[in-house]
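Q: Input: one structure, supplied below.
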Amino acid sequence: MSSKSRAARTALVAGTVIALTAGLAACQGQSLEDKGGKNKGGGKGEIVVGSAGFTESKVLAEIYSKILIDAGYQARVQTLANRELYEPALEKGQIDVVPEYASTLAEFLNAKKNGAKAKPVASSDIGKTVTALEKLAGPYGLKVLPAGSATDQNAFAVTKEFAAEHKLKTLSDLGRSKQKIKLASGEECETRVFCKPGLERTYGIDITGLDPKGVGSPQAKQAVKDGADQLVLTTTTDATLDNFGLVLLQDDKKLQNADNVLPVVNAKSAGDKEIAAALGKLTRTLTTEDLINLNRKVDAERLKPGDVAQAYLESKGLLRK
C-alpha cells in the first residue's frame, strides 16, 4: 500500500474518532471498530471493508471481509456509524468496499449531487435503479458491482396495542389517525428522503420529533414498547419485532424502493476483477431469507457477527480454505 493510502486511513481513524466523540449519532454503534479478529492475512494487499452501525451491515461486512481473505487479500472491517461518514471515506480510499443498498445509495448520491429536492432516480425497477446509481457513483470514483436477489428496505413499526387502538395496518392509516408521533431512528432520518421527509410528505404523518436511538436497535424498539416513542425505523429483515411486541405498518404507497444488496467499491483501490469475482459469488448466493436469519442469529441468539459470517460462508460452500 502506498504511503498516501496509509496516511489516508490513519486520517480516517483520527477523523472518525473526533467526529463521533463530538456526538455524531446514527444506526447502533458510534465507535470505530476493527473486527478483523483472527482472520488470516493474504498476499494481494489490504482491503478495508466499511460497515454501518446496524446489525445487518456489520454481518455483511464480516462476510465480505472473510470471503476476500479467502481470495488472498488482507481484509479487515471498520465500522463507521452511518452513510454520511462511510461514503466520503469510500470516495477517498480510506475504506475500499461496503455492502450497500441500491435505492438508498442512489438517492443519497442524487441528493449529494443535485440537492435535497432532486427528482428521485430510484424505483421498484432494480435494473433502472442500478443504472442510475452507476451514473451517479462514477464521478465520485466509485464502482457499483452487480446486485443480487437479497433485498432489505426501511420499515416502520408500532406496538400491537397501538395498532389495535388506532386501527392501524398501513402507514396511510397512521397518517389519517392524526396521532402525534415521536420516531425512534438515527439522526440522519431527519433528511433522508425515505425517512422523516417521506413519511410526512407521502403519508401526512405528524412527526413531532426524532429519538436518536439507531435503526432497529434494541434501545429503539424498547423505547416504542415502553411508550416513550410511538414509531420505530427498522428494516424488513428485522427478526426480533415479536420480542418487543411490535408490528410493521404496510408501506401501502410504496415510499420505499427496491433496495437490493450490492457491493460498492473504490474504483482505484478495489476495482479489479478478482475482488468483483470474489464478492460476486456471495451476491449470487445471498437471499432475503438469509438476511433475516443472519440478523436473527445476532439480535436474538446473541452470536457475534464474525462467527455468524463464518458459519454462513461455510454452510454455503463459499470458502476454499
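Numbering starts fresh at 1 for the residues of each chain in the C-alpha cells, the chains themselves are lettered A, B, ... in the order given, and ligands are numbered from 1 as they appear.
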Sorted by chain and rising residue number, which residues of range 140-171 of chain A lie within 9 Å of range 110-132 of chain A, and what are their closest atom pairs and distances in Å to one decimal, counting only C-alpha atoms, as JSON lines?
A:
{"residue": "A:Val144", "atom": "CA", "partner": "A:Val130", "partner_atom": "CA", "distance": 8.0}
{"residue": "A:Pro146", "atom": "CA", "partner": "A:Val130", "partner_atom": "CA", "distance": 8.2}
{"residue": "A:Ala147", "atom": "CA", "partner": "A:Val130", "partner_atom": "CA", "distance": 7.8}
Q: Just to be explicit: take each residue in the selection above, keep N, CA, C and O atoms, and write the result as a PDB file, in the first residue's frame.
A:
ATOM      1  N   VAL A 144     -19.906   0.323  -8.912  1.00  0.00           N
ATOM      2  CA  VAL A 144     -21.031  -0.451  -8.416  1.00  0.00           C
ATOM      3  C   VAL A 144     -20.976  -1.859  -9.005  1.00  0.00           C
ATOM      4  O   VAL A 144     -21.000  -2.018 -10.225  1.00  0.00           O
ATOM      5  N   PRO A 146     -22.515  -5.844  -9.480  1.00  0.00           N
ATOM      6  CA  PRO A 146     -23.879  -6.327  -9.726  1.00  0.00           C
ATOM      7  C   PRO A 146     -24.676  -6.598  -8.457  1.00  0.00           C
ATOM      8  O   PRO A 146     -24.140  -7.039  -7.437  1.00  0.00           O
ATOM      9  N   ALA A 147     -25.968  -6.326  -8.543  1.00  0.00           N
ATOM     10  CA  ALA A 147     -26.886  -6.573  -7.420  1.00  0.00           C
ATOM     11  C   ALA A 147     -27.360  -8.011  -7.444  1.00  0.00           C
ATOM     12  O   ALA A 147     -27.387  -8.663  -8.495  1.00  0.00           O
TER      13      ALA A 147
END
Q: Considering only C-alpha atoms, return as number ranges by chain whatever protein or nucleic-acid residues lie within 10 Å of range 236-239 of chain A, sequence-local ones (same chain, fewer than 6 positions apart) excluded.
A: A: 55-56, 151-157, 216-217, 248, 288-300
Q: Using only C-alpha atoms, determine which residues lie at most 10 Å from Val232 in chain A, disregarding the query and same-chain residues fewer than 2 positions distant; provide the list as a PyMOL selection string.
A: chain A and resi 155-159+181-186+210-211+213-217+220-225+229-230+234-235+246+248
Q: Next, write the just-selected residues to a file, as a PDB file, in the first residue's frame, keeping C-alpha atoms as the atom set.
A:
ATOM      1  CA  ALA A 155     -39.733  -0.277   7.520  1.00  0.00           C
ATOM      2  CA  PHE A 156     -41.684   1.282  10.359  1.00  0.00           C
ATOM      3  CA  ALA A 157     -43.227  -0.475  13.332  1.00  0.00           C
ATOM      4  CA  VAL A 158     -45.585   0.310  16.207  1.00  0.00           C
ATOM      5  CA  THR A 159     -46.700  -1.759  19.163  1.00  0.00           C
ATOM      6  CA  ILE A 181     -45.605  10.624  16.552  1.00  0.00           C
ATOM      7  CA  LYS A 182     -42.156  10.541  18.085  1.00  0.00           C
ATOM      8  CA  LEU A 183     -39.915   8.416  15.887  1.00  0.00           C
ATOM      9  CA  ALA A 184     -37.048   6.267  17.182  1.00  0.00           C
ATOM     10  CA  SER A 185     -34.398   6.264  14.454  1.00  0.00           C
ATOM     11  CA  GLY A 186     -30.957   7.531  13.565  1.00  0.00           C
ATOM     12  CA  LEU A 210     -36.789  12.082  16.491  1.00  0.00           C
ATOM     13  CA  ASP A 211     -35.317   9.940  19.238  1.00  0.00           C
ATOM     14  CA  LYS A 213     -31.500   5.539  19.170  1.00  0.00           C
ATOM     15  CA  GLY A 214     -30.455   3.968  15.854  1.00  0.00           C
ATOM     16  CA  VAL A 215     -32.014   1.882  13.101  1.00  0.00           C
ATOM     17  CA  GLY A 216     -33.866  -1.067  14.600  1.00  0.00           C
ATOM     18  CA  SER A 217     -31.623  -1.145  17.658  1.00  0.00           C
ATOM     19  CA  ALA A 220     -35.082   1.999  19.752  1.00  0.00           C
ATOM     20  CA  LYS A 221     -37.552  -0.874  19.845  1.00  0.00           C
ATOM     21  CA  GLN A 222     -37.645  -0.825  23.638  1.00  0.00           C
ATOM     22  CA  ALA A 223     -38.484   2.885  23.581  1.00  0.00           C
ATOM     23  CA  VAL A 224     -41.536   2.142  21.449  1.00  0.00           C
ATOM     24  CA  LYS A 225     -42.510  -0.828  23.593  1.00  0.00           C
ATOM     25  CA  ASP A 229     -41.810   6.740  21.278  1.00  0.00           C
ATOM     26  CA  GLN A 230     -44.667   5.650  19.043  1.00  0.00           C
ATOM     27  CA  THR A 234     -36.261  -0.653  11.354  1.00  0.00           C
ATOM     28  CA  THR A 235     -35.915  -2.899   8.302  1.00  0.00           C
ATOM     29  CA  LEU A 246     -44.101  -4.729  17.564  1.00  0.00           C
ATOM     30  CA  LEU A 248     -44.751  -3.441  10.833  1.00  0.00           C
TER      31      LEU A 248
END
Q: Please list as number ranges by chain every residue within 8 Å of Lys160 in chain A, counting only C-alpha atoms and excluding residues in the same chain fewer than 4 positions away.
A: A: 164, 245-247
Q: Given only C-alpha atoms as the basis, pick out the residue of A:Ser51, A:Thr191, A:Gln310, A:Thr202 nearest to Glu100 in chain A.
A: A:Ser51
Q: One decimal, in Å: what's the spacing between CA of Asp307 in chain A and CA of Glu46 in chain A?
A: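 Atom-to-atom, CA of Asp307 in chain A and CA of Glu46 in chain A are spaced 21.4 Å apart.
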Q: Where in range 55-298 of chain A does DSSP assign alpha helix (DSSP H), given as a PyMOL selection string?
A: chain A and resi 55-70+83-92+102-114+126-137+160-165+171-177+196-203+218-226+267-270+273-285+288-298
Q: How many Å separate CA of Ser269 in chain A from CA of Asp96 in chain A?
A: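 Calculated distance between CA of Ser269 in chain A and CA of Asp96 in chain A is 6.2 Å.
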